[in-house]
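Structure file my_file.txt (compact mmCIF, C-alpha atoms and all ligand atoms) is printed below.
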# COMPACT_ATOMS: atom_id res chain seq x y z
CA MET A 1 -78.56 -49.74 -169.16
CA VAL A 2 -76.27 -51.90 -166.97
CA PRO A 3 -77.92 -53.71 -164.03
CA ALA A 4 -76.52 -52.52 -160.67
CA VAL A 5 -76.95 -55.92 -158.98
CA PHE A 6 -77.25 -59.56 -160.12
CA ARG A 7 -78.98 -62.10 -157.84
CA ARG A 8 -79.10 -65.82 -158.32
CA VAL A 9 -82.45 -67.68 -157.91
CA GLU A 10 -82.74 -71.45 -157.77
CA HIS A 11 -85.77 -71.53 -160.11
CA TRP A 12 -88.20 -69.09 -161.70
CA PRO A 13 -91.52 -68.82 -159.84
CA LEU A 14 -94.30 -69.33 -162.39
CA THR A 15 -97.98 -68.33 -162.49
CA PRO A 16 -100.62 -71.10 -162.94
CA ASN A 17 -100.54 -70.44 -166.68
CA GLY A 18 -96.75 -70.90 -166.89
CA LYS A 19 -95.61 -67.27 -167.06
CA LEU A 20 -92.97 -65.64 -164.85
CA ASP A 21 -94.63 -64.65 -161.52
CA ARG A 22 -92.95 -61.25 -161.05
CA LYS A 23 -94.52 -60.58 -157.65
CA ALA A 24 -93.37 -63.96 -156.29
CA LEU A 25 -89.91 -63.29 -157.71
CA LEU A 26 -89.65 -59.95 -155.91
CA VAL A 27 -90.80 -61.47 -152.60
CA LYS A 28 -88.24 -64.26 -153.07
CA ILE A 29 -85.37 -61.83 -153.64
CA ASP A 30 -86.26 -59.21 -151.00
CA GLY A 31 -87.27 -61.83 -148.40
CA GLY A 32 -84.00 -63.73 -148.87
CA GLU A 33 -81.96 -60.57 -148.57
CA GLN A 34 -83.74 -59.48 -145.42
CA HIS A 35 -83.29 -62.93 -143.93
CA SER A 36 -79.54 -62.98 -144.51
CA ALA A 37 -79.24 -59.39 -143.23
CA VAL A 38 -81.09 -60.37 -140.05
CA ALA A 39 -78.86 -63.44 -139.62
CA LYS A 40 -75.73 -61.31 -140.12
CA THR A 41 -76.94 -58.67 -137.63
CA HIS A 42 -77.63 -61.43 -135.12
CA GLN A 43 -74.11 -62.85 -135.56
CA ASN A 44 -72.58 -59.39 -135.14
CA ASP A 45 -74.68 -58.74 -131.99
CA GLN A 46 -73.47 -61.99 -130.45
CA ALA A 47 -69.84 -61.22 -131.26
CA LEU A 48 -70.17 -57.73 -129.77
CA GLU A 49 -71.79 -59.09 -126.60
CA GLN A 50 -68.93 -61.56 -126.21
CA THR A 51 -66.36 -58.80 -126.72
CA VAL A 52 -68.04 -56.56 -124.13
CA LEU A 53 -68.29 -59.35 -121.53
CA SER A 54 -64.61 -60.22 -122.01
CA MET A 55 -63.64 -56.55 -121.81
CA VAL A 56 -65.52 -56.07 -118.52
CA ALA A 57 -64.05 -59.29 -117.10
CA GLU A 58 -60.54 -58.13 -118.00
CA ILE A 59 -60.97 -54.66 -116.49
CA LEU A 60 -62.58 -55.98 -113.29
CA LYS A 61 -59.98 -58.78 -113.17
CA ARG A 62 -62.63 -61.53 -113.04
CA PRO A 63 -62.36 -64.91 -114.70
CA SER A 64 -65.65 -64.32 -116.54
CA VAL A 65 -68.68 -62.04 -116.69
CA THR A 66 -72.11 -63.13 -117.96
CA ALA A 67 -74.96 -61.27 -119.64
CA ASP A 68 -76.88 -61.35 -116.32
CA ASP A 69 -74.15 -59.45 -114.48
CA ASN A 70 -74.26 -55.83 -113.48
CA LEU A 71 -71.36 -53.38 -113.07
CA VAL A 72 -72.55 -52.19 -109.65
CA ALA A 73 -72.97 -55.71 -108.30
CA LEU A 74 -69.52 -56.57 -109.67
CA GLY A 75 -68.14 -53.66 -107.62
CA ALA A 76 -66.87 -51.48 -110.51
CA SER A 77 -65.18 -48.33 -109.16
CA SER A 78 -65.06 -44.98 -110.96
CA LEU A 79 -61.46 -45.76 -111.99
CA GLU A 80 -62.67 -48.94 -113.65
CA LEU A 81 -65.47 -47.03 -115.39
CA ILE A 82 -62.81 -44.68 -116.81
CA ALA A 83 -60.79 -47.70 -118.00
CA LEU A 84 -63.98 -49.10 -119.55
CA ALA A 85 -64.69 -45.78 -121.33
CA SER A 86 -61.15 -45.88 -122.74
CA ARG A 87 -61.53 -49.46 -123.96
CA ILE A 88 -64.88 -48.60 -125.55
CA GLU A 89 -63.21 -45.70 -127.31
CA VAL A 90 -60.48 -47.99 -128.64
CA LEU A 91 -63.17 -50.42 -129.84
CA SER A 92 -65.62 -47.97 -131.37
CA GLY A 93 -63.64 -44.78 -131.95
CA LYS A 94 -66.05 -42.88 -129.67
CA ARG A 95 -65.81 -42.28 -125.94
CA PRO A 96 -69.08 -42.63 -124.00
CA PRO A 97 -69.66 -39.95 -121.32
CA LEU A 98 -69.19 -41.45 -117.85
CA THR A 99 -72.74 -40.42 -116.89
CA GLU A 100 -74.11 -42.63 -119.69
CA LEU A 101 -71.79 -45.45 -118.73
CA ALA A 102 -72.90 -45.24 -115.12
CA ARG A 103 -76.52 -45.63 -116.29
CA ALA A 104 -75.74 -48.69 -118.42
CA VAL A 105 -74.76 -50.94 -115.54
CA ARG A 106 -76.67 -54.04 -116.75
CA MET A 107 -74.68 -55.94 -119.36
CA PRO A 108 -77.44 -55.81 -122.03
CA ASP A 109 -77.63 -52.02 -121.57
CA LEU A 110 -73.86 -51.72 -121.82
CA VAL A 111 -73.82 -53.81 -125.01
CA ALA A 112 -76.62 -51.62 -126.47
CA LEU A 113 -74.71 -48.45 -125.55
CA ILE A 114 -71.56 -49.74 -127.26
CA ALA A 115 -73.49 -51.05 -130.29
CA ALA A 116 -74.83 -47.52 -130.84
CA LEU A 117 -71.26 -46.16 -130.86
CA MET A 118 -69.88 -48.77 -133.24
CA PRO A 119 -68.80 -47.60 -136.68
CA GLU A 120 -70.91 -50.41 -138.23
CA THR A 121 -74.06 -48.50 -137.29
CA ALA A 122 -72.68 -45.39 -138.95
CA LYS A 123 -71.45 -47.44 -141.90
CA ALA A 124 -74.95 -48.70 -142.70
CA THR A 125 -75.91 -45.15 -143.55
CA SER A 126 -72.63 -43.82 -144.85
CA GLY A 127 -71.39 -45.68 -147.87
CA PRO A 128 -68.50 -47.99 -148.65
CA ALA A 129 -65.91 -49.46 -146.31
CA LEU A 130 -62.90 -47.24 -145.65
CA TRP A 131 -60.43 -50.08 -145.27
CA PRO A 132 -59.68 -52.56 -148.00
CA GLY A 133 -61.06 -55.83 -146.66
CA GLU A 134 -63.07 -54.17 -143.87
CA ASP A 135 -66.15 -56.29 -144.65
CA VAL A 136 -64.07 -59.46 -144.78
CA LEU A 137 -62.64 -58.63 -141.36
CA ARG A 138 -66.09 -57.99 -139.86
CA ASP A 139 -67.43 -61.28 -141.23
CA TYR A 140 -64.35 -63.08 -139.92
CA LEU A 141 -64.78 -61.58 -136.45
CA ALA A 142 -68.46 -62.52 -136.39
CA SER A 143 -67.55 -66.20 -136.70
CA HIS A 144 -64.17 -66.20 -134.89
CA PRO A 145 -64.53 -64.71 -131.39
CA THR A 146 -61.48 -62.91 -129.99
CA ILE A 147 -59.37 -65.11 -127.69
CA THR A 148 -59.52 -63.63 -124.21
CA ASP A 149 -58.07 -66.34 -122.01
CA PRO A 150 -54.45 -65.26 -121.19
CA VAL A 151 -53.00 -68.78 -121.57
CA ALA A 152 -54.78 -69.37 -124.87
CA ARG A 153 -53.49 -65.98 -126.09
CA ARG A 154 -49.92 -66.97 -125.24
CA LEU A 155 -50.32 -70.31 -127.02
CA PHE A 156 -51.74 -68.52 -130.06
CA LYS A 157 -48.60 -66.36 -130.28
CA THR A 158 -46.30 -69.36 -130.35
CA ARG A 159 -48.35 -71.67 -132.60
CA PRO A 160 -46.53 -72.86 -135.71
CA ARG A 161 -47.65 -71.12 -138.89
CA PRO A 162 -46.98 -73.55 -141.74
CA ILE A 163 -46.42 -71.86 -145.07
CA GLY A 164 -48.30 -74.54 -146.92
CA SER A 165 -45.83 -76.06 -149.37
CA ALA A 166 -43.14 -78.70 -149.01
CA ASP A 167 -41.18 -77.24 -151.94
CA THR A 168 -38.98 -74.55 -150.44
CA ILE A 169 -36.05 -72.78 -152.03
CA ALA A 170 -33.30 -71.81 -149.64
CA LEU A 171 -32.08 -68.30 -150.39
CA GLU A 172 -28.39 -67.85 -150.73
CA ALA A 173 -26.56 -65.88 -148.08
CA ARG A 174 -23.01 -64.63 -148.00
CA PRO A 175 -21.26 -66.30 -145.07
CA GLU A 176 -19.93 -63.00 -143.71
CA ILE A 177 -23.48 -61.63 -143.29
CA ASP A 178 -24.55 -63.62 -140.29
CA ARG A 179 -26.32 -60.88 -138.40
CA PRO A 180 -29.73 -59.37 -139.11
CA PRO A 181 -29.40 -55.73 -140.20
CA VAL A 182 -30.56 -53.07 -137.72
CA ALA A 183 -30.97 -55.82 -135.15
CA ASP A 184 -30.63 -53.39 -132.25
CA ARG A 185 -34.23 -52.30 -132.74
CA ARG A 186 -36.64 -53.54 -130.12
CA SER A 187 -39.49 -52.31 -127.92
CA TRP A 188 -38.55 -51.02 -124.49
CA ARG A 189 -40.93 -51.05 -121.57
CA ASP A 190 -38.70 -50.03 -118.64
CA PHE A 191 -37.40 -46.50 -118.46
CA CYS A 192 -35.20 -44.72 -115.96
CA ASP A 193 -36.10 -41.51 -114.21
CA SER A 194 -33.57 -39.27 -115.99
CA ALA A 195 -34.66 -36.44 -118.26
CA LEU A 196 -33.75 -36.64 -121.94
CA SER A 197 -31.27 -34.03 -123.09
CA PRO A 198 -32.64 -31.56 -125.67
CA LEU A 199 -30.04 -32.96 -128.09
CA ALA A 200 -31.27 -36.55 -127.61
CA LEU A 201 -34.83 -35.35 -128.32
CA SER A 202 -33.66 -33.47 -131.40
CA GLU A 203 -31.77 -36.51 -132.72
CA LEU A 204 -34.67 -38.81 -131.94
CA LEU A 205 -36.96 -36.71 -134.16
CA SER A 206 -34.39 -35.95 -136.84
CA PRO A 207 -35.30 -39.00 -139.02
CA LEU A 208 -38.63 -37.25 -139.57
CA ARG A 209 -37.07 -33.98 -140.64
CA ARG A 210 -37.44 -32.70 -144.18
CA HIS A 211 -34.21 -32.57 -146.18
CA TYR A 212 -33.29 -31.68 -149.74
CA ALA A 213 -31.75 -33.77 -152.51
CA GLU A 214 -31.31 -32.58 -156.07
CA GLY A 215 -33.23 -29.46 -155.19
CA GLN A 216 -36.27 -31.44 -154.04
CA ALA A 217 -37.78 -31.62 -150.56
CA ARG A 218 -37.64 -35.21 -149.33
CA ARG A 219 -38.10 -37.28 -146.19
CA LEU A 220 -36.66 -40.60 -145.08
CA TYR A 221 -39.99 -42.39 -145.48
CA ALA A 222 -42.41 -42.80 -148.35
CA SER A 223 -45.70 -40.91 -148.49
CA ALA A 224 -48.54 -41.27 -151.02
CA GLY A 225 -48.18 -38.45 -153.54
CA GLY A 226 -45.36 -36.94 -151.47
CA LEU A 227 -48.04 -35.25 -149.34
CA TYR A 228 -46.70 -36.24 -145.89
CA PRO A 229 -50.09 -35.94 -144.18
CA VAL A 230 -48.99 -37.71 -140.97
CA GLU A 231 -47.99 -35.24 -138.26
CA THR A 232 -46.03 -35.95 -135.11
CA TYR A 233 -46.99 -34.60 -131.69
CA LEU A 234 -45.23 -34.93 -128.34
CA VAL A 235 -46.69 -35.04 -124.87
CA LEU A 236 -44.00 -34.16 -122.34
CA GLN A 237 -44.56 -34.82 -118.65
CA PRO A 238 -42.68 -32.70 -116.07
CA GLY A 239 -38.95 -33.47 -116.13
CA ALA A 240 -39.19 -35.32 -119.46
CA VAL A 241 -36.69 -33.12 -121.29
CA GLU A 242 -34.11 -30.89 -119.60
CA GLY A 243 -35.22 -27.24 -119.70
CA MET A 244 -38.55 -27.91 -121.46
CA ASP A 245 -42.01 -27.26 -120.05
CA ALA A 246 -44.48 -30.11 -119.74
CA GLY A 247 -47.35 -30.03 -122.24
CA GLY A 248 -48.29 -30.90 -125.82
CA TYR A 249 -46.15 -29.95 -128.82
CA ARG A 250 -46.44 -30.37 -132.57
CA TYR A 251 -43.27 -31.26 -134.46
CA ASP A 252 -42.58 -29.01 -137.44
CA ALA A 253 -40.70 -31.26 -139.88
CA ASP A 254 -39.79 -28.36 -142.18
CA GLY A 255 -38.13 -26.25 -139.51
CA HIS A 256 -37.17 -29.10 -137.09
CA LYS A 257 -38.94 -27.18 -134.35
CA LEU A 258 -41.54 -27.87 -131.70
CA VAL A 259 -44.70 -25.76 -131.57
CA PRO A 260 -46.64 -25.77 -128.25
CA CYS A 261 -50.24 -26.93 -128.81
CA ALA A 262 -51.73 -28.02 -125.49
CA SER A 263 -51.35 -27.30 -121.80
CA HIS A 264 -49.84 -29.72 -119.31
CA GLU A 265 -53.09 -29.69 -117.31
CA ALA A 266 -55.00 -31.25 -120.21
CA LEU A 267 -52.42 -34.02 -120.57
CA SER A 268 -51.18 -34.72 -117.07
CA ASP A 269 -53.22 -37.91 -116.53
CA ILE A 270 -53.06 -39.52 -119.98
CA ALA A 271 -51.28 -42.63 -118.65
CA GLY A 272 -54.58 -43.43 -116.90
CA LEU A 273 -56.41 -43.52 -120.23
CA SER A 274 -54.69 -46.79 -121.15
CA SER A 275 -55.89 -49.85 -119.28
CA GLY A 276 -53.07 -52.23 -120.24
CA ASN A 277 -50.03 -49.94 -120.40
CA ARG A 278 -50.74 -47.52 -117.56
CA ASP A 279 -47.58 -48.29 -115.56
CA MET A 280 -45.31 -48.18 -118.59
CA LEU A 281 -46.80 -44.88 -119.69
CA ALA A 282 -46.47 -43.41 -116.20
CA ALA A 283 -42.74 -44.27 -116.26
CA SER A 284 -42.08 -43.16 -119.82
CA LYS A 285 -42.58 -39.35 -119.46
CA VAL A 286 -42.80 -38.80 -123.23
CA LEU A 287 -45.64 -39.85 -125.51
CA ILE A 288 -45.15 -39.55 -129.26
CA CYS A 289 -48.46 -39.27 -131.12
CA PHE A 290 -49.17 -39.47 -134.84
CA ALA A 291 -52.16 -37.77 -136.45
CA LEU A 292 -53.41 -37.78 -140.01
CA SER A 293 -54.30 -34.40 -141.49
CA LEU A 294 -57.30 -35.05 -143.74
CA ASP A 295 -56.92 -31.56 -145.18
CA ALA A 296 -53.49 -32.66 -146.43
CA ILE A 297 -54.58 -35.90 -148.15
CA ALA A 298 -58.35 -36.51 -148.47
CA PRO A 299 -58.90 -34.00 -151.32
CA LEU A 300 -56.60 -36.18 -153.48
CA TYR A 301 -56.96 -39.70 -152.12
CA ASP A 302 -60.54 -39.91 -150.90
CA THR A 303 -61.30 -43.16 -149.03
CA ALA A 304 -57.71 -44.37 -149.42
CA SER A 305 -56.56 -41.55 -147.11
CA LEU A 306 -56.85 -43.53 -143.90
CA PRO A 307 -55.02 -46.70 -145.06
CA PHE A 308 -52.37 -44.55 -146.71
CA GLY A 309 -51.94 -42.59 -143.47
CA MET A 310 -51.60 -45.80 -141.44
CA ILE A 311 -48.96 -47.14 -143.82
CA GLU A 312 -46.99 -43.89 -143.49
CA CYS A 313 -47.37 -43.99 -139.72
CA GLY A 314 -45.89 -47.52 -139.62
CA ALA A 315 -42.88 -46.38 -141.63
CA ILE A 316 -42.37 -43.46 -139.24
CA CYS A 317 -42.51 -45.72 -136.18
CA GLN A 318 -39.93 -48.03 -137.70
CA LEU A 319 -37.58 -45.14 -138.44
CA LEU A 320 -37.87 -43.79 -134.92
CA GLU A 321 -37.34 -47.21 -133.35
CA GLN A 322 -34.23 -47.82 -135.43
CA ALA A 323 -32.75 -44.46 -134.54
CA SER A 324 -33.57 -44.54 -130.84
CA ALA A 325 -31.30 -47.30 -129.47
CA ARG A 326 -28.05 -45.46 -130.19
CA LEU A 327 -29.49 -42.39 -128.42
CA SER A 328 -30.20 -44.30 -125.19
CA VAL A 329 -33.90 -43.66 -125.73
CA GLY A 330 -36.39 -46.51 -125.50
CA LEU A 331 -39.65 -46.63 -127.45
CA CYS A 332 -42.73 -48.83 -127.29
CA GLN A 333 -45.76 -48.62 -129.53
CA ILE A 334 -49.03 -48.58 -127.64
CA GLY A 335 -52.14 -50.24 -128.99
CA ASP A 336 -54.74 -49.42 -126.37
CA MET A 337 -54.77 -45.63 -126.15
CA PRO A 338 -58.18 -43.97 -126.68
CA LEU A 339 -57.01 -41.95 -129.64
CA ALA A 340 -60.00 -39.65 -130.09
CA GLU A 341 -59.75 -38.52 -126.45
CA LEU A 342 -56.01 -37.96 -126.81
CA GLY A 343 -56.66 -35.92 -129.95
CA ARG A 344 -59.10 -33.72 -128.02
CA ARG A 345 -56.58 -33.16 -125.24
CA LEU A 346 -53.90 -32.24 -127.77
CA ASN A 347 -56.29 -29.66 -129.29
CA LEU A 348 -56.00 -31.29 -132.69
CA PRO A 349 -57.92 -29.42 -135.39
CA ALA A 350 -61.19 -31.06 -136.52
CA ASP A 351 -59.71 -32.62 -139.68
CA ARG A 352 -56.99 -34.54 -137.77
CA ILE A 353 -57.38 -38.22 -136.90
CA CYS A 354 -55.12 -39.43 -134.13
CA LEU A 355 -53.67 -42.70 -135.51
CA HIS A 356 -51.21 -44.19 -133.09
CA VAL A 357 -48.90 -43.51 -130.15
CA MET A 358 -45.54 -44.57 -128.76
CA ALA A 359 -44.19 -44.32 -125.25
CA ALA A 360 -40.64 -42.96 -125.02
CA GLY A 361 -38.19 -42.57 -122.19
CA ALA A 362 -34.56 -42.57 -121.14
CA LEU A 363 -32.90 -45.99 -120.96
CA ASP A 364 -30.68 -47.08 -118.14
CA PRO A 365 -27.20 -47.72 -119.64
CA ALA A 366 -27.02 -50.85 -117.49
CA MET A 367 -29.95 -52.25 -119.50
CA LEU A 368 -29.08 -50.86 -122.91
CA GLY A 369 -25.42 -51.93 -122.92
CA PRO A 370 -26.03 -55.67 -122.51
CA TRP A 371 -28.76 -55.53 -125.18
CA LEU A 372 -26.45 -53.83 -127.68
CA ASP A 373 -23.73 -56.38 -126.87
CA THR A 374 -26.08 -59.35 -127.25
CA PRO A 375 -25.25 -61.20 -130.47
CA LYS A 376 -28.21 -61.33 -132.82
CA THR A 377 -28.13 -64.30 -135.20
CA TYR A 378 -30.37 -65.98 -137.74
CA GLU A 379 -29.97 -69.38 -136.14
CA GLN A 380 -31.05 -70.12 -132.62
CA ASP A 381 -28.50 -71.82 -130.38
CA MET A 382 -30.51 -74.03 -128.12
CA MET A 383 -29.27 -76.40 -125.46
CA GLU A 384 -30.76 -79.84 -125.57
CA GLY A 385 -33.62 -80.02 -123.13
CA GLU A 386 -34.23 -76.27 -123.21
CA LEU A 387 -37.61 -76.71 -124.95
C1 LIG A 401 -49.56 -51.53 -133.60
C2 LIG A 401 -48.75 -51.99 -132.42
C3 LIG A 401 -49.29 -51.90 -131.15
C4 LIG A 401 -48.55 -52.29 -130.04
N1 LIG A 401 -49.08 -52.15 -128.79
C5 LIG A 401 -48.35 -52.48 -127.71
C6 LIG A 401 -48.88 -52.26 -126.40
O1 LIG A 401 -50.00 -51.78 -126.24
N2 LIG A 401 -48.11 -52.58 -125.35
C7 LIG A 401 -46.86 -53.11 -125.50
O2 LIG A 401 -46.21 -53.38 -124.49
N3 LIG A 401 -46.33 -53.31 -126.72
C8 LIG A 401 -47.05 -53.01 -127.83
N4 LIG A 401 -46.50 -53.17 -129.08
C9 LIG A 401 -45.13 -53.70 -129.23
C10 LIG A 401 -45.14 -55.19 -129.60
O3 LIG A 401 -45.56 -55.95 -128.50
C11 LIG A 401 -43.73 -55.57 -130.04
O4 LIG A 401 -43.39 -54.86 -131.19
C12 LIG A 401 -43.60 -57.07 -130.29
O5 LIG A 401 -43.76 -57.80 -129.11
C13 LIG A 401 -42.24 -57.43 -130.93
O6 LIG A 401 -41.17 -57.06 -130.07
P1 LIG A 401 -40.05 -55.98 -130.46
O7 LIG A 401 -40.73 -54.70 -130.86
O8 LIG A 401 -39.23 -55.81 -129.23
O9 LIG A 401 -39.28 -56.51 -131.61
C14 LIG A 401 -47.23 -52.80 -130.21
C15 LIG A 401 -46.69 -52.88 -131.50
C16 LIG A 401 -47.42 -52.47 -132.60
C17 LIG A 401 -46.82 -52.53 -133.97

Before anything else, please render the file you have as structure tokens.
Ligand SMILES: Cc1cc2nc3c(=O)[nH]c(=O)nc-3n(C[C@H](O)[C@H](O)[C@H](O)COP(=O)(O)O)c2cc1C
Amino acid sequence: MVPAVFRRVEHWPLTPNGKLDRKALLVKIDGGEQHSAVAKTHQNDQALEQTVLSMVAEILKRPSVTADDNLVALGASSLELIALASRIEVLSGKRPPLTELARAVRMPDLVALIAALMPETAKATSGPALWPGEDVLRDYLASHPTITDPVARRLFKTRPRPIGSADTIALEARPEIDRPPVADRRSWRDFCDSALSPLALSELLSPLRRHYAEGQARRLYASAGGLYPVETYLVLQPGAVEGMDAGGYRYDADGHKLVPCASHEALSDIAGLSSGNRDMLAASKVLICFALSLDAIAPLYDTASLPFGMIECGAICQLLEQASARLSVGLCQIGDMPLAELGRRLNLPADRICLHVMAAGALDPAMLGPWLDTPKTYEQDMMEGEL
């Protein structure tokens, strides 16, 4: 028999006549475990409370919010409650009904409501972590609160990140290659009002299309087991693509076709679901969504399905971004969309997990041209004093 768990004890508890005191040993082990579990829960509760207070402060545009505050007293409107529901969905993966949110106006009630939605609570009863390193991340977050101050966030982005060793080896480069490859890729956040042509849409999606080589079906990106479980969906607003109706569509990579899947009515206000990118999404007219089909991967890859799907999704985004600039189409990945709600509005089948989204729209040639002409180099030319 192999023990399932080993635990270290500082010394053996002994009975008065010098034998191992088994009862005392059990109390020592169980008591210690409970104590560290309680301490960990307490740390997690504090981190969650801090996250919720920062989230409310950000949505209500206040410098800070304390645990004694109350959404009504802070003047939260129904629009702000919707933004809060969306942020909670991004945080927990579940969207609270507005009626419940409206009842949890005191901060401690709001924190309790969100705690009940958090995957941690589900995880305690449902087995191992689904992400490699998920537990490490949770522990890290418990002791490193998220930076919410806008200035501190900006400083964080520009802080030097030393690589840790003085011994570096310069890699050789051929002098004629002085330009990063595919350097025209970038995120675009300003779009013009024109509709995309059906051909531009077709060419935008064509990197995702199945092709054949040596008699085998292939795609331009890698996929675990060649299963290609990540599906692409489009949300078109009115006037997004010449001659096409607004609504939700699924991209069929085998036939390079679009299959209608949801009505425009269900998707008309999705820009409002994002609190940070609302204006960009309102201007973009096209949303590209990626969903993982569990039916297509989980029977073979079990708990690795989700990380594998995310990796595939990243490769897809990169391909689309690289292809888009020469089509005068701009793309921007969006990190704060409530994905479960979007999945519902797209009528995704129950096994699909909505993974990620990108805003897309027509680019003004007056903006695109100068960007394409801008030289991209490995070395930065900087005037003295520019810092
Ligand atoms: C997962 C992910 C989420 C992102 N979310 C947003 C977002 O919500 N809003 C936004 O404006 N840009 C978003 N971006 C774009 C990044 O800000 C952008 O890639 C980064 O600033 C580098 O600039 P570049 O893409 O132009 O090279 C996201 C990018 C990734 C990969």

Check your understanding: Could you name the residues that touch A:Pro365 at 12 Å or less, counting only C-alpha atoms, but leaving out those on the same chain fewer than 4 positions away, as a list of chain:residue names?
Key ->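 Residues meeting the cut-off are A:Asp190, A:Phe191, A:Cys192, A:Ser194, A:Ala325, A:Arg326, A:Leu327, A:Ser328, A:Val329, A:Gly330, A:Gly369, A:Pro370, A:Trp371, A:Leu372, A:Asp373.
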
Check your understanding: With distances taken over only C-alpha atoms and all ligand atoms, which of A:Thr66, A:Ser284, A:Ser165, A:Thr15 is nearest to ligand LIG 401 (chain A)?
Key -> A:Ser284

Report, as JSON, the centre and edge lengths in Å (one decimal) of the axis-aligned box enclosing every listed atom of ligand LIG 401 (chain A), padded by 6 Å on each side.
{"center_x": -44.6, "center_y": -54.7, "center_z": -129.2, "size_x": 22.8, "size_y": 18.3, "size_z": 21.5}

Check your understanding: When you draw a straight line from atom CA of A:Thr51 to atom CA of A:Ala67, how long is it in Å?
Key ->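 These atoms are spaced 11.4 Å apart.
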
Exercise for review: Select the residues contacting ligand LIG 401 (chain A) at a distance of at most 8 Å, based on only C-alpha atoms and all ligand atoms, then format the selection as a list in words.
Suggested key: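 Counting only C-alpha atoms and all ligand atoms, the residues within 8 Å of ligand LIG 401 (chain A) come out as Arg185, Arg186, Ser187, Trp188, Arg189, Gly276, Asn277, Met280, Gly314, Cys332, Gln333, Ile334, Gly335, Asp336, Met337 and His356 of chain A.
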
**Study point:** Straight-line distance linking atom CA of A:Leu79 with atom CA of A:Leu98, stated in Å to one decimal
**Key:**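 Between these atoms lies a distance of 10.6 Å.
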
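Atom CA of A:Met358 is found 14.1 Å from atom CA of A:Met310.
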
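You can rank A:Gln50, A:Ser305, A:Gln318, A:Ser263 by their closest distance to A:Asn347 using all atoms listed in the file, and at the top of that list sits A:Ser263.
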
Review point. Leaving out stretch 54-65 of chain A and any residue of its chain fewer than 6 positions from it, which residues lie within 7 Å of it when counting all atoms listed in the file, given as a PyMOL selection string?
Key: chain A and resi 76+80+148

Practice item. Find the residues near A:Leu236: any atom within 9 Å, counting all atoms listed in the file, skip ones fewer than 3 places away on the same chain, and give them as an MDAnalysis selection string. Key: chainID A and resid 239:241 244:249 264 267:268 285:288

Point to revise | Spatial neighbours of A:Ile82, max dist 10 Å, all atoms listed in the file, sep filter under 5 positions, as a ChimeraX atom specification | key: /A:77,87-88,95-98,101,272-275

Review point. Counting all atoms listed in the file, what is within 12 Å of A:His256, bar same-chain residues fewer than 5 positions away, as a list in words?
Key: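 In the requested form, the answer reads Leu201, Ser202, Glu203, Leu204, Leu205, Ser206, Pro207, Leu208, Arg209, Arg210, His211, Thr232, Arg250 and Tyr251 of chain A.
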
Point to revise | Nearest-residue call for A:Pro307, choices A:Val9, A:Leu199, A:Leu294, A:Ala217, using all atoms listed in the file | key: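 Among the listed residues, A:Leu294 lies closest to A:Pro307.
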